[in-house]
Amino acid sequence: MRKIITLLLLLTIGIQAFAQEQRLQGKVVDAVSGNPVAGALVSADDQLATTARDGKFVLVITGSGNISLSVTAEGYPVKRMTVDLPMNTELVISLKAGTAPVETAGLSDVSIASLDMENDQQGQYISGLLHATGDIFISTAGYTLGAAYFRIRGYDAENTAVYMNGILVNDPENGRPTWSEWGGLNDATRNKEVINGLSHADFSYGDLGGTTNIITRASQFSKQQKFSYSLTNRAYRQRLMYTASTGLMKNNWAFAVSLSHRWAEEGYVEGTFYDNWAYFLAAEKKFSQEHSLALTLYASPTRRGMQGGATQEAYDLTDNRYYNPNWGYQEGEKRNARVRNAHEPMIILNDYLSFGQHTRLTQSLGISFGKFGTTALNWYNARDPRPDYYRYLPSYETDPLVVEAMTEAWQNDPAHSQINWNRLYQINYLANRQGKQANYVLEERRLDHTRFTYSALINSQLRKNLAFSGGLNLSRYNGHHYKKLFDLLGGNYWMDIDQFSQRDFSMDTVTIQNDLNNPDRIVKEGDIYGYDYDIHVNTGDLWAQAAFTFNRIDCFAAARLSSTTFWRDGKMRNGRAPDNSYGESDRKNFLDPSVKAGATLKITGHHFLQANMGYQSKAPLVRNAFLSQYIKNTFAKGLESETHLSGDLSYIYRSDRLNLRLTGYHTIFRNQTELMSYYHDDYLTYVNMSLTGIDKVHQGLELGTEWKATKALSISLVGALGNFIFTSRPEAVISTENGSRADSTELIYQKFFFVNGTPQQAGSLGIRYAAPHYWYFNANLNYFDKIYLDFNPLRRSSAALNNLGPGDPMITAITEQEKLSNGFTLDASIGKSIRMKGYFISINFSVNNILDNQDLITGGYEQLRFDFTEKNINKFPPKYFYAYGRSFFLNFNIRI
C-alpha cells in the first residue's frame, strides 16, 4: 500500500509539473549599444538565473498568467517588470546604464558568466553561477579586509593573474601584478571579468589565486562625461578625475579618455608626499558586426615619499605609531631619503574577429616600457646616517645617564630622531676641503624595462552544451638594473669601488673594483655605478579548455603547457667575480605542465555544490634565481620548478533574499625558492641568502553570506579561517658580496612555522541600508587574528644555536616565531545621489577605523642581522607596521 501511495503522489506531482511549468527565455541587452549584458541576475518568484555571455537566460516557471520579474546588473538600476505567461517569443529586456540611483565607492566590477549559450534542450535547465565579481566574500576580502593586508587563502600576489584586455600584466621578474601602473584610473578600469580560484575562465587558463581581466574597449563605455573630486587624509590628500566617452557612434568609432591627478604635500604618515598623474586613452573602430580593432594607452606616473618600518622602541620614544625614519629636516624643509619615481606606459592593440555566431578570435599585442626607481642613502667610511640605527637607540647604552640623555634627545630633537641632512652636507664639505670623495650620497636604484607581449584567444560554441576556449601567449622581457648617483649631497665625487672589499682586501686592486673594465672610476651625479646588468625573460604558454553545460551539472577541464627561459647579461666585470659577471650567463629553461578540472552540481535553482582541483608547475621567479645577481651570473643551487596541488569544495545558495557560499580548500606548495639580502655581523659585509626546497600547506574555510532582510536593508557576514604553515626545512646558501668567504650552506629549521604577511583569520559583519530618495549607508565591523611576523631564517639554523646546550632557554627565545595581537576596526560610509535635468550627482563619505585603533600591527619583519656571538635577540629587534588610525574619504562626482 505504501508503494502504491508513493507512486500515485509522484504521478500527481509529475502531471502537475507537466501541466503548469512554463519556459521563459530571454535576453538582456544594453539599451544604447544593443550589446548583450552578461552576468545579470534575473529572478521571478523563487526562480533565479544569470545571463550568459550572449545575454541570454532561461527560467522555468510553475504556473501561468502575470509574474513579476526583476533584473539586476552591475552599472545599471534594478529593473522590475510584469510578464504575461506563456510567451511564444524571446523576451528582450533593455537596461539603460548611468541611471542607477546609488554609486558606491569600492569594488565595481562587470561579471561575465561562462560561455554556456542557453539552448532549447528538453528538460528543466538550471542556470549556472555568477563568477567571483558577485561574490560577497571576494569583494569584502579585496576592499574591506584589505586594510590589514588580508590575502585570500594566504596566497602570494604572484599566484594571481591579471590581464588588461587579454594581455597578461604580471611582472615577469617578481610574478606580481603592479596595480599602481593604472592607479588613479578608476573609471577607465572599472569593468572586469573576475574568476575565483581554479574556476574556469574563457579568456585565460587562470591561476591558483584567481584571474582578472580588465576590459578597456572603448565601445564598452557608455556615452558620458564625468568629473570627480576627492578629499582624504590617506596616502594622498586630494584627487581630481575626468572621464569622457562617446560610446559606439554612428560612424562605428568609439573613444574614451580619462585623466586624474592625486597629490599630497604630506600624507597620513609624516615625511611622506604624493604626486601622481594618470592618463588613459581608448579608441575602437567597428568595421562590421564581425570585426573590430581597438587601441588602449595608459600610464600612471608617480613620485612619492615612502614610509619605513621601525622598531617598537622608536615608536614608543616618539609616541607615534607612524614614526617614519626615512625623512629629516634640511634647511627647515622636510626631505625624504626614500623617494619612488615610476612611469611605465602600456600600449595594447586588440583585433576582435567573429566567425558566424559561435566562434570568436581575439588577437592582442602589448608593449610596455618605462622606469621604476627608488632613492636611498649610501655612505663610505662614515657613521650610519639612519636615525633608528641600533647604536643610536637608548637600549644600546648601559649608563643610565646616557640612556636618559638619549631618550630626551629622541623625544625633543628632530635632528636626533630623524635624518640629519645638514650634518651629512657638512661632513661632505669637510671631505671636499681634503680632496676626498663624498662620505654620503643619495643613489637611485633603477629598473627600466621593455616588454613585448602577443596573445591569441579563441572561443567557440562547438555544440549547444559544449564551449571551447584556447589560447597562445608569448612574452619577451628585458629589465635593465642599475644604480645611478642621484645627489652628491654637496660632495665632489664618488669612487666606484666596494667599500667592504676595500676594508678586507685593501692591497688587492682587483677585488675592490665594481667594474674592472673601468677601474677606479670617478662617479658624478647622473652616472651609473655599483652594478649594471640586464635580466631577460622569455615566456610562452599554450592552453585549452572545454566547458560542458547540462541540466543538472556544469563541468570543465583545462590544460596548459608553459615555457620559460631567463638569463643575466652583465654590463660590468666585477672584481669579486671577474670571470663570471660580464656578459651573458647560461640560460635556464623550464617546461611546465598544468591541468585543472571542476564541476558544479545544480541541485535546484538555489542550491549548488561546486568542486575544483588543479595541479600546476611553475618556473622559479627570476628574482630568486641568482645567488647574487647584482654581482655575478651564478644561479642558485638546485633551481627547479615549483609545484602546486590544490582543491576546493563549496556549497552555494542563491536566491533573491539570501546568497551564501561556504568553501573548504587545501593547497600544497612544493619546492619554492626565495632570495634575501642583508648585512652579516660576523662576516662584516653584505650577503645574499638563497633558500631552496621551501614547502607550504594552505588550508581553511571561507564563508560569505548576504541576506536581504528588507527591500532596503541588507546584512552580510564574511569569515575566513586559515591554517598556512611551512612543511619543510629548506637549504640556505649564503654568498658574501665582498668575496671574503666561500659560499656556505645551512639547514633552516622552519618546519611548522606559520606563513607571514596576512591575517590567517579574519571576519567582517556588514550592514547596508538603501534609504528612500537615493540615500545609502554602509557599516562594517572587521576582525583580524593569527598574524605572524616575517622571521629571519638564520635564527632557525644551527649557526644561531651554536654553543647552546640542550634545554637552554635561549633556544626557545631565539627560534620562537612572534605572533602579533589581534584587532578590530569599524568602517562606515554614507552617500547621496541626485538626478536632475540630465545631470547625475553623487556624494560619498566614508570613514575607516572609526574607533581610531592605532594598536593593530598589520605586519613587519625580524631584521636579518643577528648577534651570533652574544645571542642577544634584542640587539636587532623586529620592525613593525601599524594600520592607519581614523581616516576618511570624501568623493563628489557629477556625470552628464
# chains A, B, ... in the order shown; residues from 1 in each chain; ligands from 1
>>> closest_atom_pairs(of="segment 544-588 of chain A", to="segment 634-650 of chain A", cutoff="12 Å", atoms="only C-alpha atoms", output="tab-separated table")
residue	atom	partner	partner_atom	distance
A:Ser562	CA	A:Ser641	CA	11.3
A:Ser563	CA	A:Ser641	CA	11.1
A:Thr564	CA	A:Ser641	CA	10.2
A:Thr565	CA	A:Ser641	CA	12.0
A:Phe566	CA	A:Phe635	CA	10.9
A:Trp567	CA	A:Phe635	CA	9.4
A:Arg568	CA	A:Thr634	CA	9.3
A:Asp569	CA	A:Thr634	CA	11.6
A:Gly570	CA	A:Thr634	CA	11.5
A:Ala577	CA	A:Thr634	CA	9.5
A:Asp579	CA	A:Thr634	CA	10.8
A:Asn580	CA	A:Thr634	CA	7.3
A:Ser581	CA	A:Thr634	CA	8.4
A:Tyr582	CA	A:Thr634	CA	11.6
A:Glu584	CA	A:Thr634	CA	10.9
A:Ser585	CA	A:Thr634	CA	7.7
A:Asp586	CA	A:Thr634	CA	8.8
A:Arg587	CA	A:Phe635	CA	9.8
A:Lys588	CA	A:Phe635	CA	8.9
>>> write_last_selection(atoms="N, CA, C and O atoms", output="PDB file, in the first residue's frame")
ATOM      1  N   SER A 562      53.591  25.511 -20.363  1.00  0.00           N
ATOM      2  CA  SER A 562      54.307  26.787 -20.310  1.00  0.00           C
ATOM      3  C   SER A 562      55.796  26.571 -20.508  1.00  0.00           C
ATOM      4  O   SER A 562      56.366  25.577 -20.043  1.00  0.00           O
ATOM      5  N   SER A 563      56.404  27.530 -21.162  1.00  0.00           N
ATOM      6  CA  SER A 563      57.849  27.508 -21.382  1.00  0.00           C
ATOM      7  C   SER A 563      58.448  28.817 -20.870  1.00  0.00           C
ATOM      8  O   SER A 563      57.906  29.893 -21.135  1.00  0.00           O
ATOM      9  N   THR A 564      59.551  28.714 -20.127  1.00  0.00           N
ATOM     10  CA  THR A 564      60.213  29.897 -19.566  1.00  0.00           C
ATOM     11  C   THR A 564      61.716  29.779 -19.763  1.00  0.00           C
ATOM     12  O   THR A 564      62.300  28.727 -19.480  1.00  0.00           O
ATOM     13  N   THR A 565      62.321  30.842 -20.244  1.00  0.00           N
ATOM     14  CA  THR A 565      63.776  30.921 -20.381  1.00  0.00           C
ATOM     15  C   THR A 565      64.235  32.262 -19.811  1.00  0.00           C
ATOM     16  O   THR A 565      63.661  33.304 -20.129  1.00  0.00           O
ATOM     17  N   PHE A 566      65.250  32.236 -18.943  1.00  0.00           N
ATOM     18  CA  PHE A 566      65.775  33.503 -18.440  1.00  0.00           C
ATOM     19  C   PHE A 566      67.291  33.419 -18.287  1.00  0.00           C
ATOM     20  O   PHE A 566      67.881  32.345 -18.147  1.00  0.00           O
ATOM     21  N   TRP A 567      67.916  34.597 -18.315  1.00  0.00           N
ATOM     22  CA  TRP A 567      69.355  34.691 -18.160  1.00  0.00           C
ATOM     23  C   TRP A 567      69.738  36.113 -17.770  1.00  0.00           C
ATOM     24  O   TRP A 567      68.931  37.035 -17.836  1.00  0.00           O
ATOM     25  N   ARG A 568      70.983  36.264 -17.340  1.00  0.00           N
ATOM     26  CA  ARG A 568      71.536  37.557 -16.926  1.00  0.00           C
ATOM     27  C   ARG A 568      72.594  37.991 -17.935  1.00  0.00           C
ATOM     28  O   ARG A 568      73.338  37.170 -18.458  1.00  0.00           O
ATOM     29  N   ASP A 569      72.661  39.296 -18.173  1.00  0.00           N
ATOM     30  CA  ASP A 569      73.664  39.873 -19.070  1.00  0.00           C
ATOM     31  C   ASP A 569      74.352  41.018 -18.335  1.00  0.00           C
ATOM     32  O   ASP A 569      73.801  42.120 -18.218  1.00  0.00           O
ATOM     33  N   GLY A 570      75.548  40.750 -17.819  1.00  0.00           N
ATOM     34  CA  GLY A 570      76.269  41.742 -17.035  1.00  0.00           C
ATOM     35  C   GLY A 570      76.939  42.800 -17.887  1.00  0.00           C
ATOM     36  O   GLY A 570      77.551  42.487 -18.910  1.00  0.00           O
ATOM     37  N   ALA A 577      84.006  38.661  -8.988  1.00  0.00           N
ATOM     38  CA  ALA A 577      83.721  37.544  -9.897  1.00  0.00           C
ATOM     39  C   ALA A 577      84.146  37.957 -11.304  1.00  0.00           C
ATOM     40  O   ALA A 577      83.318  38.109 -12.203  1.00  0.00           O
ATOM     41  N   ASP A 579      85.477  36.512 -13.813  1.00  0.00           N
ATOM     42  CA  ASP A 579      85.218  35.598 -14.924  1.00  0.00           C
ATOM     43  C   ASP A 579      83.760  35.170 -15.012  1.00  0.00           C
ATOM     44  O   ASP A 579      83.416  34.328 -15.852  1.00  0.00           O
ATOM     45  N   ASN A 580      82.913  35.717 -14.155  1.00  0.00           N
ATOM     46  CA  ASN A 580      81.522  35.244 -14.098  1.00  0.00           C
ATOM     47  C   ASN A 580      80.548  36.377 -13.828  1.00  0.00           C
ATOM     48  O   ASN A 580      79.571  36.206 -13.114  1.00  0.00           O
ATOM     49  N   SER A 581      80.850  37.555 -14.373  1.00  0.00           N
ATOM     50  CA  SER A 581      79.975  38.703 -14.106  1.00  0.00           C
ATOM     51  C   SER A 581      79.676  39.500 -15.369  1.00  0.00           C
ATOM     52  O   SER A 581      78.586  40.049 -15.525  1.00  0.00           O
ATOM     53  N   TYR A 582      80.640  39.553 -16.293  1.00  0.00           N
ATOM     54  CA  TYR A 582      80.469  40.360 -17.501  1.00  0.00           C
ATOM     55  C   TYR A 582      79.958  39.479 -18.643  1.00  0.00           C
ATOM     56  O   TYR A 582      80.427  38.367 -18.863  1.00  0.00           O
ATOM     57  N   GLU A 584      76.820  37.491 -20.934  1.00  0.00           N
ATOM     58  CA  GLU A 584      75.632  36.680 -20.672  1.00  0.00           C
ATOM     59  C   GLU A 584      75.961  35.439 -19.853  1.00  0.00           C
ATOM     60  O   GLU A 584      76.990  34.796 -20.044  1.00  0.00           O
ATOM     61  N   SER A 585      75.029  35.112 -18.970  1.00  0.00           N
ATOM     62  CA  SER A 585      75.112  33.871 -18.205  1.00  0.00           C
ATOM     63  C   SER A 585      74.582  32.717 -19.048  1.00  0.00           C
ATOM     64  O   SER A 585      74.134  32.907 -20.183  1.00  0.00           O
ATOM     65  N   ASP A 586      74.629  31.513 -18.485  1.00  0.00           N
ATOM     66  CA  ASP A 586      73.914  30.406 -19.107  1.00  0.00           C
ATOM     67  C   ASP A 586      72.422  30.704 -19.082  1.00  0.00           C
ATOM     68  O   ASP A 586      71.959  31.564 -18.314  1.00  0.00           O
ATOM     69  N   ARG A 587      71.688  30.000 -19.914  1.00  0.00           N
ATOM     70  CA  ARG A 587      70.241  30.184 -19.952  1.00  0.00           C
ATOM     71  C   ARG A 587      69.554  29.027 -19.241  1.00  0.00           C
ATOM     72  O   ARG A 587      69.894  27.869 -19.472  1.00  0.00           O
ATOM     73  N   LYS A 588      68.610  29.369 -18.385  1.00  0.00           N
ATOM     74  CA  LYS A 588      67.821  28.358 -17.694  1.00  0.00           C
ATOM     75  C   LYS A 588      66.498  28.195 -18.437  1.00  0.00           C
ATOM     76  O   LYS A 588      65.796  29.179 -18.709  1.00  0.00           O
TER      77      LYS A 588
END
>>> closest_atom_pairs(of="segment 307-390 of chain A", to="segment 447-453 of chain A", cutoff="10 Å", atoms="only C-alpha atoms", output="CSV")
residue,atom,partner,partner_atom,distance
A:Ala342,CA,A:Asp448,CA,9.5
A:His343,CA,A:Asp448,CA,9.6
A:Glu344,CA,A:His449,CA,8.3
A:Met346,CA,A:Arg451,CA,9.4
A:Ile347,CA,A:Phe452,CA,9.9
A:Ile348,CA,A:Thr453,CA,9.2
A:Ser364,CA,A:Thr453,CA,8.0
A:Leu365,CA,A:Thr453,CA,5.7
A:Gly366,CA,A:Thr453,CA,4.9
A:Ile367,CA,A:Phe452,CA,4.8
A:Ser368,CA,A:Arg451,CA,5.2
A:Phe369,CA,A:Thr450,CA,4.3
A:Gly370,CA,A:Asp448,CA,5.6
A:Lys371,CA,A:Asp448,CA,4.3
A:Phe372,CA,A:Leu447,CA,5.2
A:Gly373,CA,A:Leu447,CA,6.3
A:Thr374,CA,A:Leu447,CA,9.2
>>> write_last_selection(atoms="N, CA, C and O atoms", output="CSV table (one decimal), in the first residue's frame")
chain,number,residue,atom,x,y,z
A,342,ALA,N,58.2,56.4,-10.7
A,342,ALA,CA,57.9,55.4,-11.7
A,342,ALA,C,57.0,56.0,-12.8
A,342,ALA,O,56.1,56.8,-12.5
A,343,HIS,N,57.3,55.5,-14.0
A,343,HIS,CA,56.4,55.9,-15.1
A,343,HIS,C,56.6,54.7,-16.1
A,343,HIS,O,57.6,54.6,-16.8
A,344,GLU,N,55.5,53.9,-16.3
A,344,GLU,CA,55.6,52.7,-17.1
A,344,GLU,C,54.4,52.6,-18.0
A,344,GLU,O,53.4,51.9,-17.6
A,346,MET,N,51.8,51.6,-21.0
A,346,MET,CA,51.3,50.4,-21.7
A,346,MET,C,50.5,50.7,-22.9
A,346,MET,O,49.6,51.5,-22.8
A,347,ILE,N,50.8,50.0,-24.0
A,347,ILE,CA,50.0,50.2,-25.2
A,347,ILE,C,49.5,48.8,-25.7
A,347,ILE,O,50.3,47.9,-25.7
A,348,ILE,N,48.2,48.7,-25.9
A,348,ILE,CA,47.6,47.4,-26.3
A,348,ILE,C,46.8,47.6,-27.6
A,348,ILE,O,46.0,48.6,-27.7
A,364,SER,N,45.9,40.0,-29.6
A,364,SER,CA,46.3,41.2,-28.8
A,364,SER,C,47.8,41.3,-28.9
A,364,SER,O,48.5,40.3,-28.8
A,365,LEU,N,48.2,42.6,-29.0
A,365,LEU,CA,49.7,42.9,-28.9
A,365,LEU,C,49.9,44.0,-27.9
A,365,LEU,O,49.2,45.0,-27.9
A,366,GLY,N,50.8,43.7,-27.0
A,366,GLY,CA,51.0,44.7,-25.9
A,366,GLY,C,52.5,45.1,-25.9
A,366,GLY,O,53.4,44.3,-26.0
A,367,ILE,N,52.7,46.4,-25.6
A,367,ILE,CA,54.1,46.9,-25.5
A,367,ILE,C,54.1,47.7,-24.2
A,367,ILE,O,53.3,48.7,-24.1
A,368,SER,N,55.0,47.4,-23.3
A,368,SER,CA,55.1,48.2,-22.1
A,368,SER,C,56.6,48.6,-21.9
A,368,SER,O,57.5,47.8,-22.3
A,369,PHE,N,56.9,49.7,-21.3
A,369,PHE,CA,58.2,50.2,-21.2
A,369,PHE,C,58.2,51.3,-20.1
A,369,PHE,O,57.2,51.7,-19.6
A,370,GLY,N,59.4,51.7,-19.6
A,370,GLY,CA,59.4,52.7,-18.7
A,370,GLY,C,60.5,52.5,-17.6
A,370,GLY,O,61.3,51.6,-17.6
A,371,LYS,N,60.4,53.4,-16.5
A,371,LYS,CA,61.3,53.3,-15.5
A,371,LYS,C,60.6,53.1,-14.1
A,371,LYS,O,59.5,53.5,-13.9
A,372,PHE,N,61.4,52.5,-13.2
A,372,PHE,CA,61.0,52.3,-11.8
A,372,PHE,C,62.2,52.5,-10.9
A,372,PHE,O,63.1,51.7,-11.0
A,373,GLY,N,62.2,53.6,-10.2
A,373,GLY,CA,63.4,53.9,-9.4
A,373,GLY,C,63.0,54.3,-7.9
A,373,GLY,O,62.0,54.8,-7.7
A,374,THR,N,64.0,54.0,-7.0
A,374,THR,CA,63.8,54.3,-5.6
A,374,THR,C,65.1,54.9,-5.1
A,374,THR,O,66.2,54.2,-5.3
>>> atom_distance(atom1="atom CA of Ile734 of chain A", atom2="atom CA of Phe868 of chain A")
15.1 Å
>>> atom_distance(atom1="atom CA of Phe287 of chain A", atom2="atom CA of Leu353 of chain A")
10.0 Å
>>> residues_around(residues="segment 325-330 of chain A", least_positions_apart="4", cutoff="7 Å", atoms="only C-alpha atoms", output="count of residues only")
15
>>> residues_around(residues="segment 472-489 of chain A", least_positions_apart="6", cutoff="8 Å", atoms="only C-alpha atoms", output="PyMOL selection string")
chain A and resi 172+375+424-425+428+438+440-457+523-543
